[in-house]
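Colleague: So here's upload22.json (JSON, C-alpha atoms).
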```json
[["chain", "number", "residue", "atom", "x", "y", "z"],
["A", 1, "MET", "CA", 135.00, 87.25, 67.20],
["A", 2, "VAL", "CA", 131.22, 87.56, 67.21],
["A", 3, "SER", "CA", 130.77, 84.74, 69.72],
["A", 4, "SER", "CA", 133.44, 86.15, 72.04],
["A", 5, "THR", "CA", 131.80, 89.59, 71.83],
["A", 6, "ILE", "CA", 128.43, 88.06, 72.74],
["A", 7, "GLY", "CA", 130.26, 86.09, 75.45],
["A", 8, "ILE", "CA", 131.21, 89.26, 77.30],
["A", 9, "TRP", "CA", 128.38, 91.52, 76.05],
["A", 10, "ASN", "CA", 126.42, 90.84, 79.25],
["A", 11, "TYR", "CA", 129.34, 92.06, 81.35],
["A", 12, "TRP", "CA", 129.60, 95.30, 79.37],
["A", 13, "ILE", "CA", 125.92, 96.16, 79.69],
["A", 14, "VAL", "CA", 125.90, 95.16, 83.36],
["A", 15, "PHE", "CA", 128.82, 97.53, 83.99],
["A", 16, "LEU", "CA", 127.00, 100.31, 82.10],
["A", 17, "LEU", "CA", 123.89, 99.69, 84.22],
["A", 18, "MET", "CA", 126.02, 99.90, 87.38],
["A", 19, "MET", "CA", 127.36, 103.24, 86.20],
["A", 20, "ILE", "CA", 123.81, 104.51, 85.50],
["A", 21, "GLY", "CA", 122.89, 103.53, 89.08],
["A", 22, "LEU", "CA", 126.01, 105.19, 90.48],
["A", 23, "PHE", "CA", 125.30, 108.36, 88.48],
["A", 24, "LEU", "CA", 121.73, 108.49, 89.80],
["A", 25, "VAL", "CA", 123.12, 108.24, 93.34],
["A", 26, "ILE", "CA", 125.92, 110.81, 93.13],
["A", 27, "GLY", "CA", 124.71, 113.10, 90.31],
["A", 28, "ARG", "CA", 121.05, 113.71, 91.14],
["A", 29, "LYS", "CA", 119.90, 115.87, 94.04],
["A", 30, "ASN", "CA", 116.47, 114.27, 94.55],
["A", 31, "PHE", "CA", 116.52, 111.73, 97.38],
["A", 32, "LEU", "CA", 113.89, 109.42, 95.85],
["A", 33, "LYS", "CA", 115.95, 109.33, 92.64],
["A", 34, "LYS", "CA", 119.01, 108.43, 94.71],
["A", 35, "ILE", "CA", 117.19, 105.44, 96.22],
["A", 36, "VAL", "CA", 116.05, 104.34, 92.75],
["A", 37, "GLY", "CA", 119.71, 104.55, 91.71],
["A", 38, "LEU", "CA", 120.65, 102.26, 94.59],
["A", 39, "THR", "CA", 118.02, 99.75, 93.44],
["A", 40, "ILE", "CA", 119.35, 99.86, 89.85],
["A", 41, "PHE", "CA", 122.90, 99.32, 91.08],
["A", 42, "GLN", "CA", 121.81, 96.38, 93.24],
["A", 43, "THR", "CA", 119.90, 94.66, 90.44],
["A", 44, "SER", "CA", 122.85, 94.99, 88.08],
["A", 45, "VAL", "CA", 125.15, 93.40, 90.67],
["A", 46, "PHE", "CA", 122.64, 90.55, 90.97],
["A", 47, "LEU", "CA", 122.80, 90.11, 87.19],
["A", 48, "LEU", "CA", 126.59, 89.99, 87.30],
["A", 49, "TYR", "CA", 126.56, 87.21, 89.92],
["A", 50, "ILE", "CA", 123.90, 85.15, 88.14],
["A", 51, "THR", "CA", 125.83, 85.54, 84.87],
["A", 52, "PHE", "CA", 128.88, 84.00, 86.58],
["A", 53, "GLY", "CA", 126.77, 81.02, 87.65],
["A", 54, "LYS", "CA", 125.51, 80.12, 84.16],
["A", 55, "ILE", "CA", 126.87, 77.01, 82.44],
["A", 56, "LYS", "CA", 126.32, 76.42, 78.71],
["A", 57, "GLY", "CA", 123.72, 73.68, 78.22],
["A", 58, "GLY", "CA", 123.07, 73.52, 81.95],
["A", 59, "THR", "CA", 119.69, 73.12, 83.58],
["A", 60, "PRO", "CA", 118.30, 74.94, 86.63],
["A", 61, "PRO", "CA", 119.82, 73.39, 89.77],
["A", 62, "ILE", "CA", 116.99, 71.01, 90.59],
["A", 63, "LEU", "CA", 118.01, 67.35, 90.82],
["A", 64, "ASN", "CA", 116.64, 64.91, 88.25],
["A", 65, "ASN", "CA", 117.37, 61.25, 87.65],
["A", 66, "ALA", "CA", 119.13, 61.59, 84.29],
["A", 67, "ILE", "CA", 122.80, 60.69, 84.49],
["A", 68, "ASP", "CA", 124.62, 63.31, 82.43],
["A", 69, "THR", "CA", 122.84, 66.44, 83.64],
["A", 70, "VAL", "CA", 124.89, 69.61, 83.96],
["A", 71, "TYR", "CA", 123.48, 71.87, 86.66],
["A", 72, "SER", "CA", 124.14, 75.59, 86.67],
["A", 73, "ASN", "CA", 126.00, 76.86, 89.71],
["A", 74, "PRO", "CA", 123.55, 77.09, 92.66],
["A", 75, "LEU", "CA", 125.84, 79.08, 94.99],
["A", 76, "PRO", "CA", 125.41, 82.55, 93.35],
["A", 77, "HIS", "CA", 121.66, 81.91, 93.30],
["A", 78, "VAL", "CA", 121.63, 81.42, 97.08],
["A", 79, "LEU", "CA", 123.73, 84.54, 97.70],
["A", 80, "ILE", "CA", 121.49, 86.66, 95.47],
["A", 81, "LEU", "CA", 118.30, 85.32, 97.08],
["A", 82, "THR", "CA", 119.61, 86.67, 100.38],
["A", 83, "ALA", "CA", 120.73, 89.93, 98.76],
["A", 84, "ILE", "CA", 117.31, 90.62, 97.16],
["A", 85, "VAL", "CA", 115.51, 90.45, 100.50],
["A", 86, "VAL", "CA", 118.15, 92.57, 102.23],
["A", 87, "GLY", "CA", 117.90, 95.05, 99.33],
["A", 88, "VAL", "CA", 114.18, 95.51, 99.93],
["A", 89, "ALA", "CA", 114.86, 96.07, 103.64],
["A", 90, "THR", "CA", 117.38, 98.83, 102.81],
["A", 91, "THR", "CA", 114.95, 100.38, 100.33],
["A", 92, "ALA", "CA", 112.23, 100.51, 102.99],
["A", 93, "LEU", "CA", 114.64, 102.09, 105.49],
["A", 94, "GLY", "CA", 115.82, 104.67, 102.96],
["A", 95, "LEU", "CA", 112.26, 105.57, 101.99],
["A", 96, "SER", "CA", 111.24, 106.09, 105.62],
["A", 97, "LEU", "CA", 114.30, 108.33, 106.07],
["A", 98, "VAL", "CA", 113.20, 110.34, 103.02],
["A", 99, "LEU", "CA", 109.67, 110.66, 104.46],
["A", 100, "ARG", "CA", 111.14, 111.88, 107.74],
["A", 101, "ILE", "CA", 113.33, 114.44, 105.94],
["A", 102, "ASN", "CA", 110.33, 115.62, 103.92],
["A", 103, "SER", "CA", 108.24, 116.20, 107.07],
["A", 104, "GLU", "CA", 111.11, 118.11, 108.70],
["A", 105, "TYR", "CA", 112.22, 120.29, 105.76],
["A", 106, "GLY", "CA", 109.24, 120.19, 103.38],
["A", 107, "SER", "CA", 111.50, 119.19, 100.52],
["A", 108, "ILE", "CA", 113.50, 116.20, 99.29],
["A", 109, "GLU", "CA", 115.98, 118.16, 97.16],
["A", 110, "GLU", "CA", 119.51, 118.14, 98.54],
["A", 111, "ASP", "CA", 120.21, 121.77, 97.54],
["A", 112, "GLU", "CA", 117.14, 123.18, 99.28],
["A", 113, "ILE", "CA", 117.84, 121.20, 102.45],
["A", 114, "SER", "CA", 121.44, 122.38, 102.71],
["A", 115, "ALA", "CA", 120.26, 125.96, 102.03],
["A", 116, "GLN", "CA", 117.74, 125.67, 104.90],
["A", 117, "ASP", "CA", 120.48, 124.27, 107.13],
["A", 118, "LEU", "CA", 122.68, 127.24, 106.28],
["A", 119, "VAL", "CA", 119.89, 129.70, 107.17],
["A", 120, "ASP", "CA", 119.28, 127.90, 110.47],
["A", 121, "TYR", "CA", 122.98, 128.03, 111.28],
["A", 122, "HIS", "CA", 123.11, 131.79, 110.62],
["A", 123, "ASP", "CA", 120.05, 132.30, 112.84],
["A", 124, "GLN", "CA", 121.75, 130.37, 115.64],
["A", 125, "VAL", "CA", 124.91, 132.42, 115.27],
["A", 126, "GLU", "CA", 122.89, 135.66, 115.37],
["A", 127, "THR", "CA", 120.96, 134.68, 118.51],
["A", 128, "SER", "CA", 124.13, 133.56, 120.30],
["A", 129, "LYS", "CA", 125.70, 136.93, 119.44],
["A", 130, "LYS", "CA", 122.68, 138.73, 120.92],
["A", 131, "ILE", "CA", 122.94, 136.65, 124.11],
["A", 132, "ASP", "CA", 126.66, 137.42, 124.32],
["A", 133, "THR", "CA", 126.07, 141.18, 124.00],
["A", 134, "LYS", "CA", 123.37, 141.00, 126.73],
["A", 135, "PHE", "CA", 125.87, 139.36, 129.09],
["A", 136, "ILE", "CA", 128.47, 142.01, 128.31],
["A", 137, "GLN", "CA", 126.01, 144.82, 129.04],
["B", 1, "MET", "CA", 123.54, 77.48, 72.73],
["B", 2, "ILE", "CA", 124.14, 80.64, 70.72],
["B", 3, "SER", "CA", 120.40, 81.42, 70.72],
["B", 4, "GLU", "CA", 120.41, 81.51, 74.55],
["B", 5, "LEU", "CA", 123.23, 84.03, 74.49],
["B", 6, "ILE", "CA", 121.43, 86.15, 71.87],
["B", 7, "ILE", "CA", 118.25, 86.21, 73.99],
["B", 8, "ASN", "CA", 120.36, 87.23, 76.97],
["B", 9, "ALA", "CA", 122.09, 89.99, 75.02],
["B", 10, "PHE", "CA", 118.71, 91.28, 73.80],
["B", 11, "LEU", "CA", 117.15, 91.33, 77.29],
["B", 12, "VAL", "CA", 120.14, 93.04, 78.86],
["B", 13, "THR", "CA", 120.00, 95.68, 76.11],
["B", 14, "VAL", "CA", 116.33, 96.28, 76.96],
["B", 15, "MET", "CA", 117.49, 96.85, 80.54],
["B", 16, "LEU", "CA", 120.04, 99.38, 79.30],
["B", 17, "ALA", "CA", 117.26, 101.21, 77.41],
["B", 18, "ILE", "CA", 115.18, 101.36, 80.60],
["B", 19, "GLY", "CA", 118.22, 102.69, 82.46],
["B", 20, "ILE", "CA", 118.72, 105.47, 79.90],
["B", 21, "ALA", "CA", 115.02, 106.36, 80.15],
["B", 22, "LEU", "CA", 115.50, 106.58, 83.94],
["B", 23, "LEU", "CA", 118.30, 109.09, 83.41],
["B", 24, "ARG", "CA", 116.10, 111.28, 81.20],
["B", 25, "THR", "CA", 112.78, 111.37, 83.07],
["B", 26, "ARG", "CA", 111.99, 114.04, 85.68],
["B", 27, "THR", "CA", 108.55, 112.80, 86.78],
["B", 28, "LEU", "CA", 108.94, 110.65, 89.86],
["B", 29, "ILE", "CA", 105.97, 108.35, 89.13],
["B", 30, "PHE", "CA", 107.57, 107.41, 85.76],
["B", 31, "THR", "CA", 110.78, 106.69, 87.65],
["B", 32, "VAL", "CA", 108.98, 104.25, 89.95],
["B", 33, "VAL", "CA", 107.17, 102.49, 87.08],
["B", 34, "LEU", "CA", 110.40, 102.23, 85.08],
["B", 35, "THR", "CA", 112.15, 100.69, 88.11],
["B", 36, "SER", "CA", 109.40, 98.09, 88.35],
["B", 37, "ALA", "CA", 109.76, 97.27, 84.62],
["B", 38, "TYR", "CA", 113.53, 97.04, 85.11],
["B", 39, "SER", "CA", 113.06, 94.46, 87.87],
["B", 40, "LEU", "CA", 110.65, 92.43, 85.72],
["B", 41, "VAL", "CA", 113.10, 92.30, 82.78],
["B", 42, "ALA", "CA", 115.80, 91.32, 85.28],
["B", 43, "ALA", "CA", 113.54, 88.45, 86.42],
["B", 44, "LEU", "CA", 113.22, 87.30, 82.77],
["B", 45, "MET", "CA", 117.00, 87.37, 82.47],
["B", 46, "PHE", "CA", 117.34, 85.27, 85.61],
["B", 47, "ILE", "CA", 115.10, 82.61, 84.02],
["B", 48, "THR", "CA", 117.23, 82.44, 80.86],
["B", 49, "LEU", "CA", 120.32, 82.22, 83.08],
["B", 50, "ASP", "CA", 118.85, 79.14, 84.87],
["B", 51, "ALA", "CA", 118.24, 80.93, 88.19],
["B", 52, "VAL", "CA", 114.54, 80.13, 88.60],
["B", 53, "ASP", "CA", 114.40, 80.71, 92.37],
["B", 54, "VAL", "CA", 116.05, 84.10, 92.00],
["B", 55, "ALA", "CA", 113.65, 85.02, 89.17],
["B", 56, "PHE", "CA", 110.69, 84.11, 91.37],
["B", 57, "THR", "CA", 111.98, 86.23, 94.26],
["B", 58, "GLU", "CA", 112.92, 89.16, 92.03],
["B", 59, "ALA", "CA", 109.49, 89.22, 90.38],
["B", 60, "SER", "CA", 107.60, 89.09, 93.68],
["B", 61, "VAL", "CA", 109.91, 91.08, 95.97],
["B", 62, "GLY", "CA", 111.91, 93.31, 93.62],
["B", 63, "ALA", "CA", 109.15, 94.19, 91.18],
["B", 64, "GLY", "CA", 106.21, 93.80, 93.60],
["B", 65, "ILE", "CA", 106.98, 94.84, 97.16],
["B", 66, "SER", "CA", 109.53, 97.57, 96.38],
["B", 67, "THR", "CA", 107.15, 99.16, 93.87],
["B", 68, "ILE", "CA", 104.39, 99.16, 96.50],
["B", 69, "LEU", "CA", 106.81, 100.74, 99.01],
["B", 70, "PHE", "CA", 107.84, 103.41, 96.48],
["B", 71, "LEU", "CA", 104.23, 104.20, 95.59],
["B", 72, "ALA", "CA", 103.24, 104.40, 99.27],
["B", 73, "ALA", "CA", 106.09, 106.83, 99.92],
["B", 74, "MET", "CA", 105.20, 108.83, 96.79],
["B", 75, "ALA", "CA", 101.82, 109.67, 98.34],
["B", 76, "TYR", "CA", 103.59, 111.97, 100.85],
["B", 77, "LEU", "CA", 106.33, 113.34, 98.60],
["B", 78, "PRO", "CA", 106.58, 116.04, 95.90],
["B", 79, "LYS", "CA", 105.69, 114.66, 92.46],
["B", 80, "GLU", "CA", 108.36, 116.33, 90.31],
["B", 81, "GLU", "CA", 112.10, 116.37, 90.45],
["B", 82, "GLU", "CA", 113.54, 119.88, 90.23],
["B", 83, "GLU", "CA", 116.04, 120.92, 87.57],
["B", 84, "ASN", "CA", 119.61, 120.70, 88.72],
["B", 85, "ILE", "CA", 121.33, 124.04, 89.14],
["B", 86, "ASN", "CA", 124.82, 122.67, 89.67],
["B", 87, "SER", "CA", 126.73, 121.09, 86.82],
["B", 88, "GLN", "CA", 126.76, 117.31, 86.65],
["B", 89, "ILE", "CA", 130.11, 117.11, 84.88],
["B", 90, "LEU", "CA", 132.12, 115.79, 87.82],
["B", 91, "PRO", "CA", 129.76, 112.88, 88.71],
["B", 92, "ALA", "CA", 129.39, 112.02, 85.02],
["B", 93, "LEU", "CA", 133.17, 112.00, 84.53],
["B", 94, "THR", "CA", 133.60, 109.78, 87.61],
["B", 95, "CYS", "CA", 131.04, 107.30, 86.27],
["B", 96, "ILE", "CA", 132.51, 107.26, 82.75],
["B", 97, "LEU", "CA", 136.03, 106.72, 84.11],
["B", 98, "LEU", "CA", 134.95, 103.91, 86.47],
["B", 99, "GLY", "CA", 132.81, 102.27, 83.78],
["B", 100, "GLY", "CA", 135.71, 102.42, 81.33],
["B", 101, "ILE", "CA", 138.01, 100.71, 83.83],
["B", 102, "LEU", "CA", 135.41, 98.00, 84.53],
["B", 103, "ILE", "CA", 134.83, 97.34, 80.80],
["B", 104, "TRP", "CA", 138.59, 97.21, 80.26],
["B", 105, "CYS", "CA", 138.83, 94.59, 83.04],
["B", 106, "SER", "CA", 135.97, 92.57, 81.51],
["B", 107, "TYR", "CA", 138.38, 91.20, 78.87],
["B", 108, "ASP", "CA", 140.00, 89.17, 81.66],
["B", 109, "LEU", "CA", 136.70, 87.69, 82.87],
["B", 110, "PRO", "CA", 135.83, 84.16, 81.76],
["B", 111, "GLU", "CA", 133.33, 83.95, 78.89],
["B", 112, "ILE", "CA", 129.72, 83.30, 79.88],
["B", 113, "GLY", "CA", 128.86, 79.64, 80.35],
["B", 114, "LEU", "CA", 132.31, 78.03, 80.37],
["B", 115, "LEU", "CA", 132.37, 74.95, 82.59],
["B", 116, "SER", "CA", 136.09, 75.47, 83.28],
["B", 117, "SER", "CA", 135.73, 78.94, 84.86],
["B", 118, "PRO", "CA", 136.91, 79.16, 88.50],
["B", 119, "VAL", "CA", 133.43, 79.77, 89.95],
["B", 120, "HIS", "CA", 132.35, 76.21, 89.21],
["B", 121, "GLN", "CA", 135.44, 74.44, 90.56],
["B", 122, "HIS", "CA", 135.75, 74.99, 94.29],
["B", 123, "ILE", "CA", 132.94, 73.79, 96.55],
["B", 124, "VAL", "CA", 129.90, 73.63, 94.28],
["B", 125, "PRO", "CA", 130.33, 69.97, 93.12],
["B", 126, "ASP", "CA", 130.22, 68.96, 96.81],
["B", 127, "TYR", "CA", 126.98, 70.89, 97.28],
["B", 128, "ILE", "CA", 125.39, 69.26, 94.22],
["B", 129, "LEU", "CA", 126.39, 65.72, 95.27],
["B", 130, "GLY", "CA", 125.62, 66.30, 98.93],
["B", 131, "SER", "CA", 122.19, 67.71, 98.24],
["B", 132, "ARG", "CA", 121.16, 64.31, 96.84],
["B", 133, "GLU", "CA", 123.02, 62.09, 99.30],
["B", 134, "ASP", "CA", 123.17, 63.95, 102.62],
["B", 135, "ILE", "CA", 120.14, 66.21, 102.65],
["B", 136, "GLY", "CA", 117.75, 64.65, 100.16],
["B", 137, "ILE", "CA", 116.10, 67.84, 98.89],
["B", 138, "PRO", "CA", 115.84, 67.91, 95.09],
["B", 139, "ASN", "CA", 116.14, 71.71, 94.89],
["B", 140, "ILE", "CA", 119.85, 72.38, 95.44],
["B", 141, "VAL", "CA", 119.28, 76.09, 96.10],
["B", 142, "THR", "CA", 116.98, 75.24, 99.03],
["B", 143, "SER", "CA", 119.42, 72.80, 100.57],
["B", 144, "VAL", "CA", 122.31, 75.27, 100.33],
["B", 145, "LEU", "CA", 120.17, 78.14, 101.64],
["B", 146, "ALA", "CA", 118.67, 76.30, 104.59],
["B", 147, "SER", "CA", 121.41, 73.84, 105.49],
["B", 148, "TYR", "CA", 124.92, 74.49, 104.17],
["B", 149, "ARG", "CA", 124.68, 78.27, 104.53],
["B", 150, "GLY", "CA", 121.95, 78.44, 107.16],
["B", 151, "TYR", "CA", 123.82, 81.11, 109.12],
["B", 152, "ASP", "CA", 123.58, 83.46, 106.13],
["B", 153, "THR", "CA", 119.82, 83.12, 106.17],
["B", 154, "PHE", "CA", 119.79, 83.68, 109.94],
["B", 155, "GLY", "CA", 121.80, 86.88, 109.48],
["B", 156, "GLU", "CA", 119.41, 87.97, 106.72],
["B", 157, "THR", "CA", 116.48, 87.53, 109.11],
["B", 158, "ILE", "CA", 118.24, 89.72, 111.68],
["B", 159, "VAL", "CA", 118.89, 92.41, 109.05],
["B", 160, "VAL", "CA", 115.25, 92.43, 107.95],
["B", 161, "PHE", "CA", 114.08, 92.59, 111.59],
["B", 162, "THR", "CA", 116.43, 95.50, 112.34],
["B", 163, "ALA", "CA", 115.28, 97.37, 109.24],
["B", 164, "GLY", "CA", 111.64, 96.84, 110.23],
["B", 165, "VAL", "CA", 112.23, 98.18, 113.75],
["B", 166, "ALA", "CA", 114.15, 101.17, 112.35],
["B", 167, "VAL", "CA", 111.33, 101.99, 109.91],
["B", 168, "LEU", "CA", 108.76, 101.81, 112.72],
["B", 169, "VAL", "CA", 110.83, 104.11, 114.97],
["B", 170, "LEU", "CA", 111.40, 106.64, 112.17],
["B", 171, "LEU", "CA", 107.75, 106.80, 111.13],
["B", 172, "LYS", "CA", 106.54, 107.02, 114.76],
["B", 173, "ASN", "CA", 108.83, 110.00, 115.43],
["B", 174, "ASN", "CA", 107.52, 111.46, 112.19],
["B", 175, "THR", "CA", 103.97, 111.93, 113.57],
["B", 176, "GLN", "CA", 105.23, 113.09, 116.98],
["B", 177, "THR", "CA", 107.45, 115.84, 115.63],
["B", 178, "SER", "CA", 104.76, 117.13, 113.30],
["B", 179, "LYS", "CA", 102.45, 117.44, 116.34],
["B", 180, "GLN", "CA", 105.20, 119.21, 118.28],
["B", 181, "LYS", "CA", 105.75, 121.53, 115.34],
["B", 182, "ASN", "CA", 102.05, 122.42, 115.33],
["B", 183, "LYS", "CA", 102.17, 123.15, 119.05],
["B", 184, "ASN", "CA", 105.24, 125.33, 118.60],
["B", 185, "SER", "CA", 103.71, 127.28, 115.74],
["B", 186, "LYS", "CA", 100.52, 127.81, 117.78],
["B", 187, "ARG", "CA", 102.62, 129.15, 120.66],
["B", 188, "LYS", "CA", 104.38, 131.52, 118.33],
["B", 189, "VAL", "CA", 101.04, 132.80, 117.02],
["B", 190, "SER", "CA", 99.61, 133.27, 120.53]]
```
How does this structure look as structure tokens?
Modeller:
Amino acid sequence: MVSSTIGIWNYWIVFLLMMIGLFLVIGRKNFLKKIVGLTIFQTSVFLLYITFGKIKGGTPPILNNAIDTVYSNPLPHVLILTAIVVGVATTALGLSLVLRINSEYGSIEEDEISAQDLVDYHDQVETSKKIDTKFIQ
Amino acid sequence: MISELIINAFLVTVMLAIGIALLRTRTLIFTVVLTSAYSLVAALMFITLDAVDVAFTEASVGAGISTILFLAAMAYLPKEEEENINSQILPALTCILLGGILIWCSYDLPEIGLLSSPVHQHIVPDYILGSREDIGIPNIVTSVLASYRGYDTFGETIVVFTAGVAVLVLLKNNTQTSKQKNKNSKRKVS
């Protein structure tokens, strides 16, 4: 019982970490916090993959000359190596988008930005009404 | 063998603690530092799970470069996160429901470290044998990355290039529009 619980304990915590990342993305209104949530989610997915690749009593997948060596699975390692680098690229892109939003709106809170958008929209509607009335006159 | 699993369970619990601290903090600089610590503990976990190359990359790229990027962006951003006005019940419920389903499904996953689990059966023995006989590189990860799945790495390079170009374009527009804004505001004043 104890060994089987420890056997899937990693999975449980990894799933909880994924949910923390997801909550940071969908529950928080701060854009920087959302990007941190994405990073947390990514790293937990990496952990899940690497956990799949582990073999009990295995060694890191580097060839040696002993006969009975069990190597852990190298394929998840390769996939995750690619994913880490791509993850940093997405983080950089997201951060530059946040910087751009901050210089345009002066805020990185979702609520404030949508409020500003609403005000802008009302202004546009008002000006178009004025133009319409001018044409009618 | 059991000691390996216990170390793993301990490290992953430390990661959970860091995650909970991330949920509670409102200061953005703490958030960035906690994310860096999270990546470092993840790198430790990768070493105990036999993924040395991944640990190396995670420690340098995940904990190093992303933290530098976050800190560089922080220099231009507000330092505090504002209190949420809206309720967070719906997102929290979604996460709890999804997490419950995932944990329920985890009973069907193979236990950690079983040699008989499906991941280890399909093509991986060929890679391990072929790395010695066909390619002759002792590090199997390198031979898979650069030879067997070379197209993946090529695609990764394209993605990184595209992201770099996009970042440059965004930040260049950033300075232009702020200049335009200044001009506009001056016009309004005059």
Colleague: When you count only C-alpha atoms, which of these residues is closest to Leu97 (chain A): B:Phe154, B:Ser131, B:Ala73, B:Arg24?
Modeller: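 Selected residue with least distance to Leu97 (chain A): B:Ala73.
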Colleague: If we count only C-alpha atoms and set the cut-off at 9 Å, which residues sit around region 54-71 of chain A, ignoring sequence neighbours fewer than 5 positions away in its own chain? Please answer as a list in words.
Modeller: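 Returned residues: Met1, Glu4, Ile47, Leu49, Asp50, Ala51, Val52, Ile112, Gly113, Leu114, Leu115, His120, Ile128, Ser131, Arg132, Ile137, Pro138, Asn139, Ile140 and Val141 of chain B.
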Colleague: Let me make sure I understand: among A:Thr39, A:Asn10, A:Asn30, A:Thr91, which one has the smallest atom-to-atom distance to Phe52 (chain A) if we use all atoms listed in the file?
Modeller: A:Asn10
Colleague: List the neighbours of Ala92 (chain B) out to 10 Å using all atoms listed in the file; skip same-chain residues closer than 2 positions along the sequence, and give me the result as an NGL selection string.
Modeller: (:A and (19-20 or 22-24 or 26-27)) or (:B and (87-90 or 94-98))
Colleague: Measure the distance from CA of Gly164 (chain B) to CA of Asp111 (chain A) in Å and round it to one decimal.
Modeller: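 Here the two named atoms are 29.3 Å from each other.
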Colleague: So, with all atoms listed in the file as the atoms that count, which of B:Lys172, B:Glu81, B:Cys105, B:Asp126 lies closest to Thr25 (chain B)?
Modeller: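 The shortest atom-to-atom distance to Thr25 (chain B) comes from B:Glu81.
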Colleague: Is it possible to add N, CA and C atoms to region 24-36 of chain A and hand it back as a CSV table (one decimal), in the coordinates of the input?
Modeller:
```csv
chain,number,residue,atom,x,y,z
A,24,LEU,N,123.0,108.0,89.2
A,24,LEU,CA,121.7,108.5,89.8
A,24,LEU,C,122.0,108.8,91.3
A,25,VAL,N,122.9,108.0,91.9
A,25,VAL,CA,123.1,108.2,93.3
A,25,VAL,C,123.9,109.5,93.6
A,26,ILE,N,125.0,109.7,92.8
A,26,ILE,CA,125.9,110.8,93.1
A,26,ILE,C,125.6,112.1,92.3
A,27,GLY,N,124.9,111.9,91.2
A,27,GLY,CA,124.7,113.1,90.3
A,27,GLY,C,123.4,113.8,90.5
A,28,ARG,N,122.4,113.1,91.0
A,28,ARG,CA,121.0,113.7,91.1
A,28,ARG,C,120.9,114.2,92.6
A,29,LYS,N,120.1,115.3,92.7
A,29,LYS,CA,119.9,115.9,94.0
A,29,LYS,C,118.6,115.4,94.7
A,30,ASN,N,117.7,114.7,94.0
A,30,ASN,CA,116.5,114.3,94.6
A,30,ASN,C,116.7,113.0,95.3
A,31,PHE,N,116.2,112.9,96.6
A,31,PHE,CA,116.5,111.7,97.4
A,31,PHE,C,115.8,110.5,96.9
A,32,LEU,N,114.6,110.6,96.4
A,32,LEU,CA,113.9,109.4,95.8
A,32,LEU,C,114.7,108.9,94.6
A,33,LYS,N,115.2,109.8,93.8
A,33,LYS,CA,116.0,109.3,92.6
A,33,LYS,C,117.2,108.6,93.1
A,34,LYS,N,117.8,109.1,94.2
A,34,LYS,CA,119.0,108.4,94.7
A,34,LYS,C,118.7,107.0,95.1
A,35,ILE,N,117.5,106.8,95.8
A,35,ILE,CA,117.2,105.4,96.2
A,35,ILE,C,116.9,104.5,95.0
A,36,VAL,N,116.3,105.1,94.0
A,36,VAL,CA,116.0,104.3,92.8
A,36,VAL,C,117.4,103.9,92.2
```
